Amino acid sequence: MKQTRIPIYEQLIMHAEQKPVSFHVPGHKYGQLLTDNAKVSSYFTDLLRIDATELTGLDDLHSPEGVIREAENLLAQLYGVKRSYFLVNGSTVGNLAMIMTAVKENDLVLVQRNCHKSILNGIHLAKAEPIFLGPSVDEEWAVAGGVPYQTVEQAISKYPHAKAIILTYPNYYGMTNDIEKIIQLAHLHHIPVLIDEAHGAHFIGGEMFPPSAVELKADIVVQSAHKTLPAMTMGAYLHFNSDLLLEGDLTNYLQVLQSSSPSYPIMASLDIARNYLATYTKEDEAYLENKINEFRAKIQQIKGLKVLSYSGIQGDPLKITIQSNTSLRGFDIQKSLEKEGIYIEMADPFNILLVFPMLKAHMEYPIQDIVDRFRSVLENTPYSDKKNGKKVIGQPTEISQLALTAKERATLKTTLIPLNRACGQVCAEIIIPYPPGIPLLFPGEIISKDTIDRLMLLLDSGARFQGEGNLRNRKITIYQT
Ligand SMILES: Cc1ncc(COP(=O)(O)O)c(C=O)c1O
C-alpha cells in the first residue's frame with residue numbers, strides 16, 4: 001500500500017471535476033445555492049464542492065469497502081495496528097465507543113481522575129462504576145500529570161476484576177509518563193488498556209516525539225487528528241490493537257454513535273493528515289526542532305516570562321508552556337495577546353499553553369514577528385515584578401470511588417448551597433473548567449476543601465466553565481443525603 005496515495009481526497013476531486021448534477025443531499029448542491037451571497041460563497045464555495053455523500057464510488061464510512069476502507073487501511077498500516085477507524089465527531093465519539101466496547105453495566109473500571117469529560121460521560125452511558133486513580137502533580141508547572149505505576153499496581157490488586165484501565169496520555173501540556181509498564185502489568189491481569197491520546201496523533205512522526213501508546217501496545221487508542229495534525233476540526237482516529245476486546249463490538253458502537261451522514265470534507269482531511277504524517281521526513285523533523293528551539297529561546301529572553309521544560313520525562317515539543325514570573329495570571333497574558341491577534345490554546349492561573357505547528361522543512365513561519373508581539377504585550381500590560389503566589393492544589397493522589405453509585409443518585413433530591421459550605425457534601429453536578437474540559441467535580445463525588453480552593457482560584461483568576469451560572473454566584477448543587 002502506498003502512503004503517498006490519498007484515496008478519499010483523490011476520489012472526491014475526481015467526482016467534483018465531473019461537475020456532477022446533484023439530485024441528492026446535501027441541500028446546498030455542491031455550494032450552488034450559496035453563490036448569490038458573495039460573503040458566504042467566498043469562504044465556502046471550494047469546500048462545498050467536495051461536500052458529497054455516499055454516492056457510487058465514494059464508499060460508506062459505516063460499511064467501508066472502497067476508498068474509505070483503503071484510507072483506513074493506510075492509516076492502520078502507518079500506525080502498525082490491526083484496524084484503524086476514521087471518526088467524524090472527534091475523540092469524543094472514540095472515547096465513548098471504546099468505553100462501551102470494554103465495559104458494561106455495573107462493571108468496575110479504573111480511570112485516571114484528571115480525564116476529559118468524554119471519558120466520564122462514556123462510563124456514565126455504559127452504567128459502569130468508576131474507580132478513580134489520582135495523578136501525580138508537577139509542582140513547578142502547577143498541573144496534574146499521569147497516574148504513577150504504583151497507583152495502578154495497588155488498584156489492580158484491590159480490584160482484580162476491573163474490566164478496563166482508562167488513561168490519558170499525554171496530558172494537555174504534552175507531559176507523558178511511563179505507561180508501557182502499566183500496559184504490561186494490566187495485560188498480565190488480562191485487563192485491556194484504553195488510551196485517550198487526543199493530543200498525541202503526531203507522536204509516530206519522529207524521534208523528537210514521545211512514543212505513541214499505539215507503539216506501547218495499548219488495546220485501543222483514540223487521537224484527535226485535528227489537534228496537532230493538519231485535519232479539520234472533529235476529525236479523529238481510533239486504533240484497535242487488542243487481543244482482549246472484540247473488534248466487532250467496537251465497529252457496532254461506532255455505527256450507533258456516529259452520524260449516518262458523515263462529513264466527506266472531514267474524512268478527506270483525515271486522509272490528507274495521514275498522508276502528511278506518513279511523508280514526514282528526518283529533514284522535516286530537524287527543521288521543526290530548530291524552529292521550536294529558536295522560538296523558545298527568543299520567548300525566554302522576554303522579561304517576565306519563563307518557558308518551561310519537561311523534567312525527567314520526554315514531553316511533546318509541539319506543546320510550549322510559558323509561565324509568568326510577574327503578577328500577571330496566565331489568563332491576563334492570554335487576553336493581552338488576543339489584542340495583538342495572537343490566540344493561544346489555553347491559559348490557567350499560572351501558565352499559557354501554545355500548540356506549535358508541525359512544520360515541514362522550508363515552511364515559512366514568522367517567528368520574529370510573533371516574538372515581537374509577545375514582547376509588546378508584556379510592555380503594554382501593567383504588572384508588578386512580584387511573583388505569582390503559585391499554589392499547587394492536587395487532585396486526589398490515591399485511589400478513590402464515588403460516594404454514591406448511579407442508582408443511588410437517581411433516587412436522591414438535590415439542593416443548591418453556597419460553595420463555602422460545601423466541604424464534605426456530595427456533588428450533584430459536573431463542573432468543568434473549559435478548556436481543558438477535565439471535570440473538577442463529578443456527580444456523586446465528595447467535595448473536598450482542596451477542590452473548593454481550586455474552584456475559587458479558577459473563578460477568581462478568570463477561568464471559563466461550562467454551565468457556570470451557579471458557580472459565578474459561588475453556589476453549587478449537592479445531593480440531599
Ligand atoms: C484529553 C482529551 N480527550 C478528549 C478530548 C475530546 O476531543 P475532541 O475535541 O476531538 O472530541 C479532548 C479535547 O480537548 C481532550 O483534551
# chains A, B, ... in the order shown; residues from 1 in each chain; ligands from 1
>>> residues_near_ligand(ligand="ligand 1", cutoff="7 Å", atoms="only C-alpha atoms and all ligand atoms", output="PyMOL selection string")
chain A and resi 89-93+115-116+118+168+171-172+196-199+224+226+234-236+435-437
>>> residues_around(residues="A:Met1", least_positions_apart="4", cutoff="9 Å", atoms="only C-alpha atoms", output="PyMOL selection string")
chain A and resi 5+70+73-74+77
>>> write_last_selection(atoms="C-alpha atoms", output="short mmCIF file (atom, residue, chain, number, x, y, z; two decimals), in the first residue's frame")
data_model
loop_
_atom_site.label_atom_id
_atom_site.label_comp_id
_atom_site.auth_asym_id
_atom_site.auth_seq_id
_atom_site.Cartn_x
_atom_site.Cartn_y
_atom_site.Cartn_z
CA ARG A 5 -1.99 7.90 -2.01
CA GLU A 70 -8.40 1.93 1.57
CA ASN A 73 -6.11 0.56 5.85
CA LEU A 74 -3.36 3.06 5.01
CA GLN A 77 -0.53 0.33 8.19
#
>>> closest_atom_pairs(of="stretch 194-290 of chain A", to="stretch 318-339 of chain A", cutoff="10 Å", atoms="only C-alpha atoms", output="JSON lines")
{"residue": "A:His199", "atom": "CA", "partner": "A:Lys319", "partner_atom": "CA", "distance": 9.5}
{"residue": "A:Gly200", "atom": "CA", "partner": "A:Leu318", "partner_atom": "CA", "distance": 9.9}
{"residue": "A:His202", "atom": "CA", "partner": "A:Leu318", "partner_atom": "CA", "distance": 9.5}
{"residue": "A:Met208", "atom": "CA", "partner": "A:Leu318", "partner_atom": "CA", "distance": 9.8}
{"residue": "A:Phe209", "atom": "CA", "partner": "A:Leu318", "partner_atom": "CA", "distance": 8.7}
{"residue": "A:Thr228", "atom": "CA", "partner": "A:Leu318", "partner_atom": "CA", "distance": 8.1}
{"residue": "A:Leu288", "atom": "CA", "partner": "A:Leu318", "partner_atom": "CA", "distance": 9.2}
{"residue": "A:Glu289", "atom": "CA", "partner": "A:Leu318", "partner_atom": "CA", "distance": 9.2}
>>> residues_around(residues="A:Leu110", least_positions_apart="2", cutoff="8 Å", atoms="only C-alpha atoms", output="number ranges by chain")
A: 108, 112, 130-133, 155, 162-166
>>> write_last_selection(atoms="N, CA and C atoms", output="PDB file, in the first residue's frame")
ATOM      1  N   LEU A 108     -16.663  -2.624  37.109  1.00  0.00           N
ATOM      2  CA  LEU A 108     -15.718  -1.661  37.678  1.00  0.00           C
ATOM      3  C   LEU A 108     -14.711  -1.274  36.602  1.00  0.00           C
ATOM      4  N   GLN A 112      -8.191   7.230  35.146  1.00  0.00           N
ATOM      5  CA  GLN A 112      -7.403   8.378  35.606  1.00  0.00           C
ATOM      6  C   GLN A 112      -8.357   9.507  35.969  1.00  0.00           C
ATOM      7  N   PRO A 130     -16.912   3.865  38.160  1.00  0.00           N
ATOM      8  CA  PRO A 130     -15.503   4.264  38.064  1.00  0.00           C
ATOM      9  C   PRO A 130     -14.756   4.147  39.389  1.00  0.00           C
ATOM     10  N   ILE A 131     -13.527   3.664  39.304  1.00  0.00           N
ATOM     11  CA  ILE A 131     -12.591   3.742  40.431  1.00  0.00           C
ATOM     12  C   ILE A 131     -11.534   4.742  39.964  1.00  0.00           C
ATOM     13  N   PHE A 132     -11.418   5.863  40.670  1.00  0.00           N
ATOM     14  CA  PHE A 132     -10.525   6.918  40.191  1.00  0.00           C
ATOM     15  C   PHE A 132      -9.084   6.687  40.632  1.00  0.00           C
ATOM     16  N   LEU A 133      -8.167   6.925  39.706  1.00  0.00           N
ATOM     17  CA  LEU A 133      -6.743   6.831  40.003  1.00  0.00           C
ATOM     18  C   LEU A 133      -6.174   8.243  39.965  1.00  0.00           C
ATOM     19  N   ALA A 155      -4.247  -0.490  42.620  1.00  0.00           N
ATOM     20  CA  ALA A 155      -5.651  -0.560  42.180  1.00  0.00           C
ATOM     21  C   ALA A 155      -5.964  -1.945  41.615  1.00  0.00           C
ATOM     22  N   ALA A 162     -11.534  -5.572  37.651  1.00  0.00           N
ATOM     23  CA  ALA A 162     -11.831  -4.380  36.834  1.00  0.00           C
ATOM     24  C   ALA A 162     -11.804  -4.780  35.361  1.00  0.00           C
ATOM     25  N   LYS A 163     -12.712  -4.169  34.588  1.00  0.00           N
ATOM     26  CA  LYS A 163     -12.856  -4.600  33.190  1.00  0.00           C
ATOM     27  C   LYS A 163     -11.995  -3.786  32.224  1.00  0.00           C
ATOM     28  N   ALA A 164     -11.445  -2.665  32.703  1.00  0.00           N
ATOM     29  CA  ALA A 164     -10.574  -1.875  31.819  1.00  0.00           C
ATOM     30  C   ALA A 164      -9.828  -0.836  32.649  1.00  0.00           C
ATOM     31  N   ILE A 165      -8.707  -0.376  32.077  1.00  0.00           N
ATOM     32  CA  ILE A 165      -7.997   0.776  32.654  1.00  0.00           C
ATOM     33  C   ILE A 165      -8.022   1.863  31.589  1.00  0.00           C
ATOM     34  N   ILE A 166      -8.425   3.061  31.995  1.00  0.00           N
ATOM     35  CA  ILE A 166      -8.503   4.153  31.013  1.00  0.00           C
ATOM     36  C   ILE A 166      -7.555   5.263  31.451  1.00  0.00           C
TER      37      ILE A 166
END
>>> closest_residue(among="A:Asn275, A:Thr53, A:Ser259, A:Gln18", to="A:Ala231", atoms="only C-alpha atoms")
A:Asn275
>>> atom_distance(atom1="atom CA of A:Thr381", atom2="atom CA of A:Trp141")
22.9 Å
>>> select_by_dssp(residues="stretch 193-341 of chain A", states="helix (DSSP H, G or I)", output="PyMOL selection string")
chain A and resi 203-205+225-228+247-257+264-278+282-300+330-339
>>> select_by_dssp(residues="stretch 110-333 of chain A", states="strand (DSSP E or B)", output="PyMOL selection string")
chain A and resi 110-112+129-133+137-138+143-144+165-168+193-196+220-223+236-240+305-307+319-324
>>> decode(residues="stretch 167-179 of chain A", atoms="all heavy atoms", output="short mmCIF file (atom, residue, chain, number, x, y, z; two decimals), in the first residue's frame")
data_model
loop_
_atom_site.label_atom_id
_atom_site.label_comp_id
_atom_site.auth_asym_id
_atom_site.auth_seq_id
_atom_site.Cartn_x
_atom_site.Cartn_y
_atom_site.Cartn_z
N LEU A 167 -6.60 5.58 30.58
CA LEU A 167 -5.61 6.60 30.91
C LEU A 167 -5.58 7.68 29.83
O LEU A 167 -5.96 7.43 28.67
CB LEU A 167 -4.22 5.97 31.02
CG LEU A 167 -4.06 4.85 32.05
CD1 LEU A 167 -2.69 4.19 31.92
CD2 LEU A 167 -4.25 5.39 33.48
N THR A 168 -5.10 8.85 30.24
CA THR A 168 -4.91 9.95 29.30
C THR A 168 -3.41 10.12 29.09
O THR A 168 -2.67 10.25 30.06
CB THR A 168 -5.49 11.25 29.87
OG1 THR A 168 -6.84 11.01 30.24
CG2 THR A 168 -5.42 12.39 28.87
N TYR A 169 -2.99 10.11 27.83
CA TYR A 169 -1.55 10.16 27.53
C TYR A 169 -1.37 10.82 26.18
O TYR A 169 -1.93 10.30 25.21
CB TYR A 169 -1.01 8.73 27.52
CG TYR A 169 0.40 8.58 26.97
CD1 TYR A 169 1.50 8.50 27.82
CD2 TYR A 169 0.64 8.49 25.59
CE1 TYR A 169 2.78 8.34 27.32
CE2 TYR A 169 1.92 8.34 25.10
CZ TYR A 169 2.98 8.26 25.96
OH TYR A 169 4.26 8.11 25.47
N PRO A 170 -0.69 11.92 26.08
CA PRO A 170 -0.10 12.76 27.12
C PRO A 170 -1.19 13.61 27.77
O PRO A 170 -2.35 13.56 27.33
CB PRO A 170 0.85 13.66 26.31
CG PRO A 170 0.12 13.84 25.01
CD PRO A 170 -0.56 12.53 24.73
N ASN A 171 -0.80 14.42 28.78
CA ASN A 171 -1.80 15.36 29.29
C ASN A 171 -1.85 16.57 28.35
O ASN A 171 -1.12 16.64 27.36
CB ASN A 171 -1.53 15.75 30.75
CG ASN A 171 -0.34 16.69 30.91
OD1 ASN A 171 0.37 16.99 29.94
ND2 ASN A 171 -0.10 17.15 32.11
N TYR A 172 -2.71 17.52 28.67
CA TYR A 172 -2.93 18.67 27.79
C TYR A 172 -1.62 19.42 27.53
O TYR A 172 -1.39 19.99 26.47
CB TYR A 172 -3.95 19.61 28.45
CG TYR A 172 -4.89 20.29 27.48
CD1 TYR A 172 -6.27 20.12 27.58
CD2 TYR A 172 -4.41 21.12 26.48
CE1 TYR A 172 -7.14 20.74 26.70
CE2 TYR A 172 -5.27 21.75 25.59
CZ TYR A 172 -6.62 21.56 25.72
OH TYR A 172 -7.48 22.18 24.84
N TYR A 173 -0.73 19.39 28.53
CA TYR A 173 0.52 20.16 28.42
C TYR A 173 1.64 19.37 27.75
O TYR A 173 2.78 19.82 27.75
CB TYR A 173 0.97 20.61 29.83
CG TYR A 173 -0.03 21.53 30.50
CD1 TYR A 173 -1.15 21.02 31.14
CD2 TYR A 173 0.14 22.91 30.46
CE1 TYR A 173 -2.07 21.85 31.74
CE2 TYR A 173 -0.78 23.76 31.06
CZ TYR A 173 -1.89 23.21 31.70
OH TYR A 173 -2.80 24.06 32.28
N GLY A 174 1.31 18.20 27.22
CA GLY A 174 2.31 17.41 26.49
C GLY A 174 3.15 16.52 27.39
O GLY A 174 4.11 15.91 26.93
N MET A 175 2.81 16.45 28.69
CA MET A 175 3.60 15.60 29.59
C MET A 175 3.22 14.13 29.40
O MET A 175 2.03 13.81 29.27
CB MET A 175 3.30 15.94 31.05
CG MET A 175 3.77 17.30 31.45
SD MET A 175 3.07 17.62 33.07
CE MET A 175 4.09 19.00 33.54
N THR A 176 4.22 13.26 29.44
CA THR A 176 3.94 11.84 29.35
C THR A 176 4.39 11.15 30.64
O THR A 176 5.06 11.77 31.46
CB THR A 176 4.70 11.20 28.17
OG1 THR A 176 6.10 11.34 28.42
CG2 THR A 176 4.34 11.83 26.86
N ASN A 177 4.05 9.90 30.80
CA ASN A 177 4.58 9.09 31.90
C ASN A 177 4.78 7.68 31.36
O ASN A 177 4.40 7.39 30.22
CB ASN A 177 3.65 9.12 33.13
CG ASN A 177 2.28 8.59 32.82
OD1 ASN A 177 1.73 8.86 31.75
ND2 ASN A 177 1.71 7.83 33.73
N ASP A 178 5.38 6.82 32.19
CA ASP A 178 5.76 5.50 31.69
C ASP A 178 4.55 4.58 31.64
O ASP A 178 4.31 3.78 32.55
CB ASP A 178 6.85 4.93 32.60
CG ASP A 178 7.37 3.61 32.06
OD1 ASP A 178 6.93 3.20 30.96
OD2 ASP A 178 8.22 2.98 32.72
N ILE A 179 3.77 4.71 30.57
CA ILE A 179 2.58 3.85 30.50
C ILE A 179 2.92 2.46 29.97
O ILE A 179 2.10 1.56 30.04
CB ILE A 179 1.43 4.46 29.67
CG1 ILE A 179 1.89 4.79 28.25
CG2 ILE A 179 0.81 5.66 30.35
CD1 ILE A 179 0.71 5.02 27.32
#
